[in-house]
file model_2.cif (mmCIF, C-alpha atoms)
data_input
loop_
_atom_site.label_atom_id
_atom_site.label_comp_id
_atom_site.auth_asym_id
_atom_site.auth_seq_id
_atom_site.Cartn_x
_atom_site.Cartn_y
_atom_site.Cartn_z
CA MET A 219 -0.19 -24.10 -99.20
CA ARG A 220 -3.77 -22.94 -99.56
CA ARG A 221 -2.81 -20.89 -102.59
CA LEU A 222 -1.07 -23.89 -104.18
CA ALA A 223 -4.09 -26.09 -103.48
CA GLY A 224 -6.33 -23.50 -105.10
CA PHE A 225 -4.14 -23.39 -108.18
CA ALA A 226 -4.20 -27.20 -108.39
CA ALA A 227 -7.96 -27.33 -108.08
CA ALA A 228 -8.38 -24.67 -110.71
CA ALA A 229 -6.01 -26.50 -113.02
CA LEU A 230 -7.94 -29.75 -112.51
CA VAL A 231 -11.24 -28.06 -113.29
CA LEU A 232 -9.72 -26.42 -116.36
CA GLY A 233 -8.25 -29.73 -117.48
CA LEU A 234 -11.51 -31.58 -117.04
CA GLY A 235 -13.30 -28.82 -118.87
CA LEU A 236 -10.87 -28.98 -121.74
CA LEU A 237 -11.12 -32.79 -121.81
CA GLY A 238 -14.88 -32.64 -121.75
CA GLY A 239 -14.84 -30.10 -124.52
CA ALA A 240 -12.54 -32.28 -126.59
CA VAL A 241 -14.76 -35.32 -126.10
CA TYR A 242 -17.85 -33.28 -126.92
CA LEU A 243 -16.23 -32.04 -130.12
CA ALA A 244 -15.07 -35.55 -131.02
CA LEU A 245 -18.66 -36.78 -130.82
CA GLN A 246 -20.03 -34.10 -133.15
CA PRO A 247 -20.61 -34.72 -136.87
CA PRO A 248 -17.44 -34.91 -138.94
CA PRO A 249 -16.81 -32.37 -141.69
CA SER A 250 -19.64 -32.46 -144.22
CA ALA A 251 -19.55 -35.21 -146.81
CA ASN A 252 -21.36 -35.33 -150.13
CA GLY A 253 -24.20 -37.82 -150.00
CA GLU A 254 -24.54 -40.88 -147.81
CA THR A 255 -21.68 -43.16 -146.88
CA VAL A 256 -22.08 -46.92 -147.10
CA VAL A 257 -20.17 -48.95 -144.53
CA GLU A 258 -20.10 -52.69 -143.97
CA ILE A 259 -19.47 -54.06 -140.48
CA PRO A 260 -18.32 -57.70 -140.71
CA ARG A 261 -19.67 -60.27 -138.28
CA GLY A 262 -17.57 -60.69 -135.17
CA THR A 263 -15.96 -57.22 -135.35
CA ALA A 264 -15.01 -55.91 -131.91
CA LEU A 265 -16.05 -52.44 -130.74
CA SER A 266 -12.62 -50.97 -131.46
CA GLY A 267 -12.74 -52.41 -134.97
CA VAL A 268 -16.21 -50.98 -135.59
CA ALA A 269 -15.04 -47.57 -134.41
CA ASP A 270 -11.97 -47.70 -136.67
CA ILE A 271 -14.10 -48.63 -139.70
CA LEU A 272 -16.46 -45.74 -139.03
CA GLU A 273 -13.64 -43.23 -138.57
CA SER A 274 -11.83 -44.40 -141.71
CA ALA A 275 -15.05 -44.00 -143.70
CA GLY A 276 -15.54 -40.47 -142.37
CA VAL A 277 -18.77 -41.33 -140.56
CA ILE A 278 -17.44 -40.25 -137.13
CA ARG A 279 -14.66 -37.90 -136.02
CA SER A 280 -12.93 -40.08 -133.45
CA ALA A 281 -12.80 -43.85 -132.99
CA PRO A 282 -11.69 -43.63 -129.30
CA ALA A 283 -14.47 -41.15 -128.48
CA PHE A 284 -17.04 -43.35 -130.21
CA ALA A 285 -15.86 -46.43 -128.28
CA LEU A 286 -15.99 -44.44 -125.05
CA LEU A 287 -19.57 -43.35 -125.80
CA ALA A 288 -20.65 -46.92 -126.59
CA ARG A 289 -19.28 -48.16 -123.27
CA TYR A 290 -20.82 -45.25 -121.36
CA GLN A 291 -24.23 -45.93 -122.96
CA GLY A 292 -23.98 -49.66 -122.23
CA GLN A 293 -24.15 -50.46 -125.96
CA ALA A 294 -20.64 -51.80 -126.49
CA GLY A 295 -21.88 -55.35 -126.99
CA ALA A 296 -25.07 -54.44 -128.84
CA LEU A 297 -23.66 -53.26 -132.16
CA ARG A 298 -24.90 -55.39 -135.05
CA ALA A 299 -23.02 -56.44 -138.13
CA GLY A 300 -24.30 -55.55 -141.57
CA GLU A 301 -24.29 -52.93 -144.27
CA TYR A 302 -25.28 -49.41 -143.26
CA ALA A 303 -25.94 -46.19 -145.17
CA PHE A 304 -25.14 -43.09 -143.12
CA ALA A 305 -26.33 -39.65 -144.10
CA PRO A 306 -23.88 -36.78 -143.67
CA ASN A 307 -23.80 -34.70 -140.47
CA LEU A 308 -24.80 -37.44 -138.05
CA ARG A 309 -23.61 -37.17 -134.47
CA ALA A 310 -21.77 -40.12 -132.98
CA ARG A 311 -24.77 -40.86 -130.76
CA GLU A 312 -27.02 -41.17 -133.82
CA VAL A 313 -24.55 -43.49 -135.53
CA LEU A 314 -24.33 -45.59 -132.37
CA ASP A 315 -28.11 -45.88 -132.09
CA ARG A 316 -28.42 -47.05 -135.70
CA LEU A 317 -25.80 -49.75 -135.18
CA ALA A 318 -27.44 -50.89 -131.95
CA ALA A 319 -30.85 -51.03 -133.64
CA GLY A 320 -29.46 -52.99 -136.59
CA ALA A 321 -30.90 -50.48 -139.08
CA VAL A 322 -29.07 -52.12 -141.98
CA MET A 323 -29.49 -51.40 -145.68
CA THR A 324 -31.70 -53.68 -147.71
CA HIS A 325 -31.42 -54.65 -151.36
CA ARG A 326 -34.43 -55.25 -153.57
CA VAL A 327 -34.68 -58.62 -155.30
CA VAL A 328 -37.54 -58.99 -157.78
CA VAL A 329 -38.48 -62.62 -158.37
CA PRO A 330 -41.14 -62.79 -161.11
CA GLU A 331 -43.38 -65.76 -161.73
CA GLY A 332 -42.01 -68.69 -163.68
CA LEU A 333 -38.33 -68.62 -162.69
CA ARG A 334 -36.28 -71.75 -162.14
CA MET A 335 -34.00 -72.12 -159.12
CA GLU A 336 -30.95 -71.17 -161.18
CA GLU A 337 -32.62 -67.93 -162.28
CA VAL A 338 -33.63 -67.05 -158.72
CA ALA A 339 -30.05 -67.70 -157.58
CA ALA A 340 -28.70 -65.43 -160.34
CA ARG A 341 -30.92 -62.57 -159.17
CA ILE A 342 -29.76 -62.97 -155.59
CA GLU A 343 -26.14 -62.81 -156.73
CA ALA A 344 -26.83 -59.79 -158.96
CA ALA A 345 -28.22 -57.96 -155.92
CA GLY A 346 -24.96 -58.57 -154.06
CA LEU A 347 -26.57 -60.83 -151.47
CA GLY A 348 -24.36 -63.88 -151.94
CA SER A 349 -23.18 -66.22 -154.63
CA ALA A 350 -25.58 -68.09 -156.88
CA ALA A 351 -23.64 -71.28 -156.18
CA ASP A 352 -24.21 -70.98 -152.42
CA PHE A 353 -27.93 -70.41 -152.87
CA LEU A 354 -28.27 -73.33 -155.29
CA SER A 355 -26.38 -75.58 -152.89
CA VAL A 356 -29.07 -74.85 -150.30
CA ALA A 357 -32.00 -75.06 -152.74
CA ARG A 358 -30.85 -78.44 -154.07
CA GLU A 359 -30.27 -80.00 -150.66
CA PRO A 360 -32.90 -82.70 -149.93
CA ALA A 361 -32.44 -82.24 -146.19
CA MET A 362 -33.31 -78.55 -146.53
CA ALA A 363 -36.44 -79.37 -148.50
CA ALA A 364 -37.49 -81.89 -145.86
CA ALA A 365 -36.82 -79.42 -143.04
CA LEU A 366 -39.05 -76.83 -144.71
CA GLY A 367 -41.87 -79.29 -145.36
CA ILE A 368 -41.35 -79.57 -149.11
CA PRO A 369 -42.34 -82.96 -150.60
CA GLY A 370 -39.44 -83.18 -153.01
CA ALA A 371 -35.67 -83.34 -153.28
CA SER A 372 -35.23 -79.59 -153.84
CA LEU A 373 -36.95 -76.23 -153.39
CA GLU A 374 -37.82 -75.97 -157.08
CA GLY A 375 -41.31 -74.50 -157.41
CA TYR A 376 -41.48 -73.30 -153.81
CA LEU A 377 -39.26 -70.17 -154.01
CA PHE A 378 -42.24 -67.90 -154.16
CA PRO A 379 -42.32 -65.06 -156.71
CA GLU A 380 -42.29 -61.72 -154.90
CA THR A 381 -40.31 -58.52 -154.43
CA TYR A 382 -38.02 -59.04 -151.46
CA GLU A 383 -36.07 -56.46 -149.43
CA LEU A 384 -33.06 -58.31 -148.05
CA ALA A 385 -30.04 -57.26 -146.02
CA LYS A 386 -26.50 -58.21 -146.92
CA GLY A 387 -25.06 -61.01 -144.85
CA ILE A 388 -28.25 -63.05 -144.52
CA PRO A 389 -27.28 -66.71 -145.04
CA ALA A 390 -28.54 -68.38 -148.20
CA SER A 391 -30.52 -70.81 -146.04
CA GLU A 392 -32.45 -67.92 -144.46
CA ILE A 393 -33.23 -66.35 -147.83
CA ALA A 394 -34.55 -69.70 -149.05
CA ARG A 395 -36.58 -70.14 -145.87
CA LEU A 396 -38.12 -66.68 -146.29
CA MET A 397 -39.21 -67.49 -149.85
CA VAL A 398 -40.66 -70.86 -148.87
CA ASP A 399 -42.48 -69.31 -145.91
CA HIS A 400 -44.05 -66.86 -148.35
CA PHE A 401 -45.19 -69.78 -150.48
CA PHE A 402 -46.87 -71.45 -147.52
CA ALA A 403 -48.66 -68.21 -146.62
CA VAL A 404 -50.19 -68.18 -150.11
CA TRP A 405 -50.77 -71.94 -150.15
CA ARG A 406 -52.96 -71.76 -147.05
CA GLY A 407 -55.40 -69.63 -149.05
CA VAL A 408 -55.88 -72.24 -151.80
CA GLU A 409 -55.44 -75.41 -149.75
CA PRO A 410 -59.18 -75.93 -149.02
CA GLN A 411 -60.01 -75.85 -152.75
CA ALA A 412 -57.13 -78.22 -153.49
CA ARG A 413 -58.43 -80.70 -150.93
CA ALA A 414 -61.93 -80.44 -152.37
CA ARG A 415 -60.50 -81.44 -155.76
CA GLY A 416 -58.44 -84.25 -154.26
CA LEU A 417 -55.15 -82.59 -155.19
CA SER A 418 -52.06 -82.65 -152.97
CA MET A 419 -49.85 -79.61 -152.50
CA HIS A 420 -47.17 -81.20 -154.68
CA GLU A 421 -49.65 -81.89 -157.49
CA VAL A 422 -50.97 -78.33 -157.39
CA VAL A 423 -47.48 -76.82 -157.50
CA VAL A 424 -46.39 -79.06 -160.37
CA LEU A 425 -49.51 -78.23 -162.40
CA ALA A 426 -49.27 -74.53 -161.56
CA SER A 427 -45.65 -74.46 -162.73
CA LEU A 428 -46.75 -75.93 -166.08
CA VAL A 429 -49.52 -73.35 -166.36
CA GLU A 430 -47.04 -70.57 -165.53
CA LYS A 431 -44.62 -71.62 -168.24
CA GLU A 432 -47.29 -72.24 -170.89
CA THR A 433 -48.92 -68.81 -170.88
CA ALA A 434 -48.11 -65.25 -169.92
CA ALA A 435 -51.70 -64.16 -170.51
CA ALA A 436 -53.47 -63.87 -167.17
CA HIS A 437 -56.93 -64.69 -168.54
CA GLU A 438 -55.64 -67.95 -170.04
CA ARG A 439 -54.32 -69.53 -166.86
CA PRO A 440 -57.67 -71.11 -165.82
CA LEU A 441 -58.13 -72.40 -169.39
CA VAL A 442 -54.66 -73.98 -169.55
CA ALA A 443 -55.25 -75.51 -166.12
CA ALA A 444 -58.55 -76.93 -167.36
CA VAL A 445 -56.81 -78.54 -170.35
CA PHE A 446 -54.24 -80.25 -168.14
CA LEU A 447 -56.81 -81.44 -165.63
CA ASN A 448 -59.11 -82.70 -168.40
CA ARG A 449 -56.26 -84.64 -170.01
CA LEU A 450 -55.23 -86.19 -166.68
CA GLU A 451 -58.84 -87.22 -166.02
CA ARG A 452 -58.94 -88.95 -169.41
CA GLN A 453 -55.51 -90.53 -168.85
CA MET A 454 -54.05 -88.60 -171.76
CA ARG A 455 -50.41 -87.54 -171.72
CA LEU A 456 -49.92 -83.86 -170.96
CA GLU A 457 -47.56 -83.29 -173.92
CA THR A 458 -46.30 -79.93 -172.69
CA ASP A 459 -43.07 -78.57 -174.19
CA PRO A 460 -41.86 -76.58 -171.13
CA ALA A 461 -41.68 -79.78 -169.08
CA VAL A 462 -39.61 -81.51 -171.76
CA ILE A 463 -37.28 -78.51 -171.95
CA TYR A 464 -36.81 -78.53 -168.17
CA GLY A 465 -35.46 -82.07 -168.36
CA ILE A 466 -32.91 -81.29 -171.10
CA ALA A 467 -29.43 -80.51 -169.82
CA ASP A 468 -27.88 -77.44 -171.47
CA PHE A 469 -30.92 -76.79 -173.64
CA ASP A 470 -29.90 -74.59 -176.59
CA GLY A 471 -33.32 -73.09 -177.28
CA ASN A 472 -34.22 -75.45 -180.13
CA LEU A 473 -36.71 -78.18 -179.18
CA ARG A 474 -36.15 -81.05 -181.62
CA ARG A 475 -38.16 -84.15 -182.49
CA ALA A 476 -35.44 -86.26 -180.87
CA HIS A 477 -36.15 -84.47 -177.59
CA LEU A 478 -39.84 -85.37 -177.81
CA LEU A 479 -38.96 -89.03 -178.41
CA ASP A 480 -36.43 -89.26 -175.58
CA VAL A 481 -37.80 -91.70 -173.01
CA THR A 482 -34.81 -91.18 -170.72
CA ASN A 483 -36.02 -87.67 -169.88
CA PRO A 484 -38.31 -88.10 -166.85
CA TYR A 485 -39.90 -84.73 -167.62
CA ASN A 486 -40.84 -85.77 -171.16
CA THR A 487 -44.62 -85.59 -170.93
CA TYR A 488 -44.91 -86.82 -174.52
CA GLN A 489 -43.47 -90.17 -173.46
CA HIS A 490 -44.46 -90.44 -169.79
CA ALA A 491 -48.04 -90.36 -168.53
CA GLY A 492 -49.18 -88.30 -165.58
CA LEU A 493 -47.41 -85.39 -163.98
CA PRO A 494 -43.67 -84.80 -164.32
CA PRO A 495 -41.60 -85.67 -161.22
CA GLY A 496 -41.64 -82.14 -159.84
CA PRO A 497 -42.31 -78.46 -160.55
CA ILE A 498 -40.43 -76.86 -163.44
CA ALA A 499 -40.51 -73.29 -162.08
CA SER A 500 -41.95 -71.19 -159.27
CA PRO A 501 -45.64 -70.46 -159.93
CA GLY A 502 -47.32 -67.36 -158.61
CA ALA A 503 -50.58 -67.01 -156.71
CA ALA A 504 -52.67 -66.68 -159.90
CA ALA A 505 -51.34 -69.94 -161.35
CA LEU A 506 -51.94 -71.78 -158.09
CA SER A 507 -55.49 -70.44 -157.99
CA ALA A 508 -56.06 -71.45 -161.62
CA VAL A 509 -55.26 -75.09 -160.81
CA VAL A 510 -57.65 -75.32 -157.87
CA ASP A 511 -60.32 -73.23 -159.62
CA PRO A 512 -59.94 -73.93 -163.36
CA ALA A 513 -62.24 -72.72 -166.10
CA GLU A 514 -65.36 -74.78 -166.72
CA ALA A 515 -64.30 -75.89 -170.18
CA ASP A 516 -63.95 -79.20 -171.99
CA TYR A 517 -60.87 -78.23 -173.97
CA LEU A 518 -58.17 -80.86 -174.45
CA TYR A 519 -55.68 -79.01 -176.66
CA PHE A 520 -54.19 -75.58 -177.21
CA VAL A 521 -51.70 -74.08 -179.64
CA ALA A 522 -49.88 -70.76 -179.59
CA ARG A 523 -51.13 -67.93 -181.76
CA LYS A 524 -48.83 -65.29 -183.17
CA ASP A 525 -49.80 -62.74 -180.51
CA GLY A 526 -48.71 -64.71 -177.44
CA THR A 527 -52.17 -66.10 -176.66
CA HIS A 528 -53.50 -69.57 -177.50
CA GLN A 529 -56.20 -71.24 -179.53
CA PHE A 530 -58.06 -73.87 -177.50
CA SER A 531 -59.68 -76.94 -179.05
CA ARG A 532 -62.00 -79.73 -177.91
CA SER A 533 -61.07 -82.40 -180.45
CA TYR A 534 -57.88 -83.54 -182.12
CA GLY A 535 -59.19 -82.65 -185.56
CA GLU A 536 -60.03 -79.13 -184.42
CA HIS A 537 -56.57 -78.90 -182.88
CA LEU A 538 -54.86 -79.97 -186.12
CA ARG A 539 -56.69 -77.24 -188.00
CA ALA A 540 -55.54 -74.70 -185.39
CA VAL A 541 -51.95 -75.94 -185.65
CA ASN A 542 -52.10 -75.65 -189.44
CA ARG A 543 -53.46 -72.13 -189.17
CA PHE A 544 -51.23 -70.71 -186.46
CA GLN A 545 -48.06 -72.78 -186.66
CA ARG A 546 -47.80 -73.81 -190.29
CA ASN A 547 -49.16 -70.64 -191.90
CA GLY A 548 -52.09 -72.57 -193.31
CA HIS A 549 -55.43 -71.08 -194.35
#
call {"tool": "encode", "arguments": {"input": "model_2.cif", "output": "structure tokens"}}
result
Amino acid sequence: MRRLAGFAAAALVLGLGLLGGAVYLALQPPPSANGETVVEIPRGTALSGVADILESAGVIRSAPAFALLARYQGQAGALRAGEYAFAPNLRAREVLDRLAAGAVMTHRVVVPEGLRMEEVAARIEAAGLGSAADFLSVAREPAMAAALGIPGASLEGYLFPETYELAKGIPASEIARLMVDHFFAVWRGVEPQARARGLSMHEVVVLASLVEKETAAAHERPLVAAVFLNRLERQMRLETDPAVIYGIADFDGNLRRAHLLDVTNPYNTYQHAGLPPGPIASPGAAALSAVVDPAEADYLYFVARKDGTHQFSRSYGEHLRAVNRFQRNGH
């Protein structure tokens, strides 16, 4: 009996040793892969599903062993959804820790100054972060604008230009909120100057969007801002083409005289006095600063030169001569 008991004990120890060895092996890195492996874990995926996805992708050796490890480590309910990039030769424990930490991949979205909502949405879609239609639905929702403290019916003008690193799966509403939060962080820096000039946030953003669309030359922004502010002070119409274009549905790139005479276009600053109803694009920090700290100049007009800069004029006669020179090939 003692001999049989000894054999049984030895067999148990051997079995446990073999089992432990098998589990240890199952938790080691899988056979080497070339380069990193990208895996997406959908929201709501159970532990077993996560383990199966990882095994199928070749990130781990054994789904059951991975699930066992997660339970043993108390991390079974801590794994986060998202898109992950796993380098080759990671142990199961390292993979588990990355999932528990939510170390997801991010995608770069570059939003330059002067983009409209539709263009921002297109860049988000191009980065694989969601559909443009979903983002636009959020950006055009008046309730969303109100919730974020935007004094308008949409987020136009407040999707701040910046380079963003965003993870897949972030809702469109959160992406929009992030961009608007960035705007407010910049706005706080220029708000005292705006108040000193008697300008509201909405007025500054509208004017800055016009400045942004009128010139790509950094040194001209304060001059363009000065022209607009001078014209408003004298109760002159702004007469800025980018605003008119913004209000034209399906604009084909050719601004016609009929467009400038169209009184039904609320953004037609040739026909309507004062500021247009809202921003026409997202201005950057430099354009915002130009509006609250414009150049000390008494210019009232400007016309585009051939090199992308502008000729500024103080009187209408001077402006006509500049138009003849730069736009009509006069001498």
call {"tool": "residues_around", "arguments": {"input": "model_2.cif", "residues": "A:Pro495", "least_positions_apart": "5", "cutoff": "10 Å", "atoms": "all atoms listed in the file", "output": "list in words"}}
result
Gly370, His420, Glu421, Val424, Ala461, Pro484, Tyr485 and Asn486 of chain A
call {"tool": "residues_around", "arguments": {"input": "model_2.cif", "residues": "stretch 400-406 of chain A", "least_positions_apart": "2", "cutoff": "7 Å", "atoms": "all atoms listed in the file", "output": "list in words"}}
result
Tyr376, Leu377, Phe378, Leu396, Met397, Val398, Val408, Glu409 and Ala503 of chain A
call {"tool": "resolve_selection", "arguments": {"input": "model_2.cif", "expression": "the PyMOL selection byres ((chain A and resi 372) around 10)", "output": "PyMOL selection string"}}
result
chain A and resi 335+354-364+368-371+373-376+496-497
call {"tool": "atom_distance", "arguments": {"input": "model_2.cif", "atom1": "atom CA of A:Gln453", "atom2": "atom CA of A:Val541"}}
result
22.5 Å
call {"tool": "resolve_selection", "arguments": {"input": "model_2.cif", "expression": "the PyMOL selection byres ((chain A and resi 516) around 9)", "output": "mmCIF file with C-alpha atoms, in the coordinates of the input"}}
result
data_model
loop_
_atom_site.group_PDB
_atom_site.id
_atom_site.type_symbol
_atom_site.label_atom_id
_atom_site.label_comp_id
_atom_site.auth_asym_id
_atom_site.auth_seq_id
_atom_site.Cartn_x
_atom_site.Cartn_y
_atom_site.Cartn_z
ATOM 1 C CA ALA A 444 -58.550 -76.930 -167.360
ATOM 2 C CA VAL A 445 -56.810 -78.540 -170.350
ATOM 3 C CA ASN A 448 -59.110 -82.700 -168.400
ATOM 4 C CA ALA A 513 -62.240 -72.720 -166.100
ATOM 5 C CA GLU A 514 -65.360 -74.780 -166.720
ATOM 6 C CA ALA A 515 -64.300 -75.890 -170.180
ATOM 7 C CA TYR A 517 -60.870 -78.230 -173.970
ATOM 8 C CA LEU A 518 -58.170 -80.860 -174.450
ATOM 9 C CA SER A 531 -59.680 -76.940 -179.050
ATOM 10 C CA ARG A 532 -62.000 -79.730 -177.910
#
call {"tool": "resolve_selection", "arguments": {"input": "model_2.cif", "expression": "the PyMOL selection byres ((chain A and resi 447) around 12)", "output": "PyMOL selection string"}}
result
chain A and resi 415-417+421-422+424-426+428-429+440-446+448-456+492-493+508-519
call {"tool": "write_last_selection", "arguments": {"input": "model_2.cif", "atoms": "C-alpha atoms", "output": "compact mmCIF listing (two decimals), keeping the file's coordinate frame"}}
result
# COMPACT_ATOMS: atom_id res chain seq x y z
CA ARG A 415 -60.50 -81.44 -155.76
CA GLY A 416 -58.44 -84.25 -154.26
CA LEU A 417 -55.15 -82.59 -155.19
CA GLU A 421 -49.65 -81.89 -157.49
CA VAL A 422 -50.97 -78.33 -157.39
CA VAL A 424 -46.39 -79.06 -160.37
CA LEU A 425 -49.51 -78.23 -162.40
CA ALA A 426 -49.27 -74.53 -161.56
CA LEU A 428 -46.75 -75.93 -166.08
CA VAL A 429 -49.52 -73.35 -166.36
CA PRO A 440 -57.67 -71.11 -165.82
CA LEU A 441 -58.13 -72.40 -169.39
CA VAL A 442 -54.66 -73.98 -169.55
CA ALA A 443 -55.25 -75.51 -166.12
CA ALA A 444 -58.55 -76.93 -167.36
CA VAL A 445 -56.81 -78.54 -170.35
CA PHE A 446 -54.24 -80.25 -168.14
CA ASN A 448 -59.11 -82.70 -168.40
CA ARG A 449 -56.26 -84.64 -170.01
CA LEU A 450 -55.23 -86.19 -166.68
CA GLU A 451 -58.84 -87.22 -166.02
CA ARG A 452 -58.94 -88.95 -169.41
CA GLN A 453 -55.51 -90.53 -168.85
CA MET A 454 -54.05 -88.60 -171.76
CA ARG A 455 -50.41 -87.54 -171.72
CA LEU A 456 -49.92 -83.86 -170.96
CA GLY A 492 -49.18 -88.30 -165.58
CA LEU A 493 -47.41 -85.39 -163.98
CA ALA A 508 -56.06 -71.45 -161.62
CA VAL A 509 -55.26 -75.09 -160.81
CA VAL A 510 -57.65 -75.32 -157.87
CA ASP A 511 -60.32 -73.23 -159.62
CA PRO A 512 -59.94 -73.93 -163.36
CA ALA A 513 -62.24 -72.72 -166.10
CA GLU A 514 -65.36 -74.78 -166.72
CA ALA A 515 -64.30 -75.89 -170.18
CA ASP A 516 -63.95 -79.20 -171.99
CA TYR A 517 -60.87 -78.23 -173.97
CA LEU A 518 -58.17 -80.86 -174.45
CA TYR A 519 -55.68 -79.01 -176.66
call {"tool": "residues_near_point", "arguments": {"input": "model_2.cif", "point": "(-16.8, -39.0, -129.8)", "cutoff": "10 Å", "atoms": "all atoms listed in the file", "output": "ChimeraX atom specification"}}
result
/A:240-247,269,278-288,309-311
call {"tool": "residues_around", "arguments": {"input": "model_2.cif", "residues": "A:Gln489", "least_positions_apart": "5", "cutoff": "9 Å", "atoms": "only C-alpha atoms", "output": "JSON, numbers by chain"}}
result
{"A": [455, 457, 478, 479, 480, 481, 483, 484]}
call {"tool": "write_last_selection", "arguments": {"input": "model_2.cif", "atoms": "C-alpha atoms", "output": "tab-separated table (two decimals), keeping the file's coordinate frame"}}
result
chain	number	residue	atom	x	y	z
A	455	ARG	CA	-50.41	-87.54	-171.72
A	457	GLU	CA	-47.56	-83.29	-173.92
A	478	LEU	CA	-39.84	-85.37	-177.81
A	479	LEU	CA	-38.96	-89.03	-178.41
A	480	ASP	CA	-36.43	-89.26	-175.58
A	481	VAL	CA	-37.80	-91.70	-173.01
A	483	ASN	CA	-36.02	-87.67	-169.88
A	484	PRO	CA	-38.31	-88.10	-166.85
call {"tool": "residues_around", "arguments": {"input": "model_2.cif", "residues": "A:Glu380", "least_positions_apart": "2", "cutoff": "9 Å", "atoms": "all atoms listed in the file", "output": "list in words"}}
result
Val327, Val328, Val329, Pro330, Glu331, Phe378, Tyr382, Met397, His400 and Gly502 of chain A
call {"tool": "atom_distance", "arguments": {"input": "model_2.cif", "atom1": "atom CA of A:Gly295", "atom2": "atom CA of A:Glu312"}}
result
16.6 Å
call {"tool": "residues_around", "arguments": {"input": "model_2.cif", "residues": "A:Ala345", "least_positions_apart": "4", "cutoff": "8 Å", "atoms": "all atoms listed in the file", "output": "list in words"}}
result
His325, Arg326, Val327 and Arg341 of chain A
call {"tool": "atom_distance", "arguments": {"input": "model_2.cif", "atom1": "atom CA of A:Leu347", "atom2": "atom CA of A:Ala499"}}
result
21.5 Å
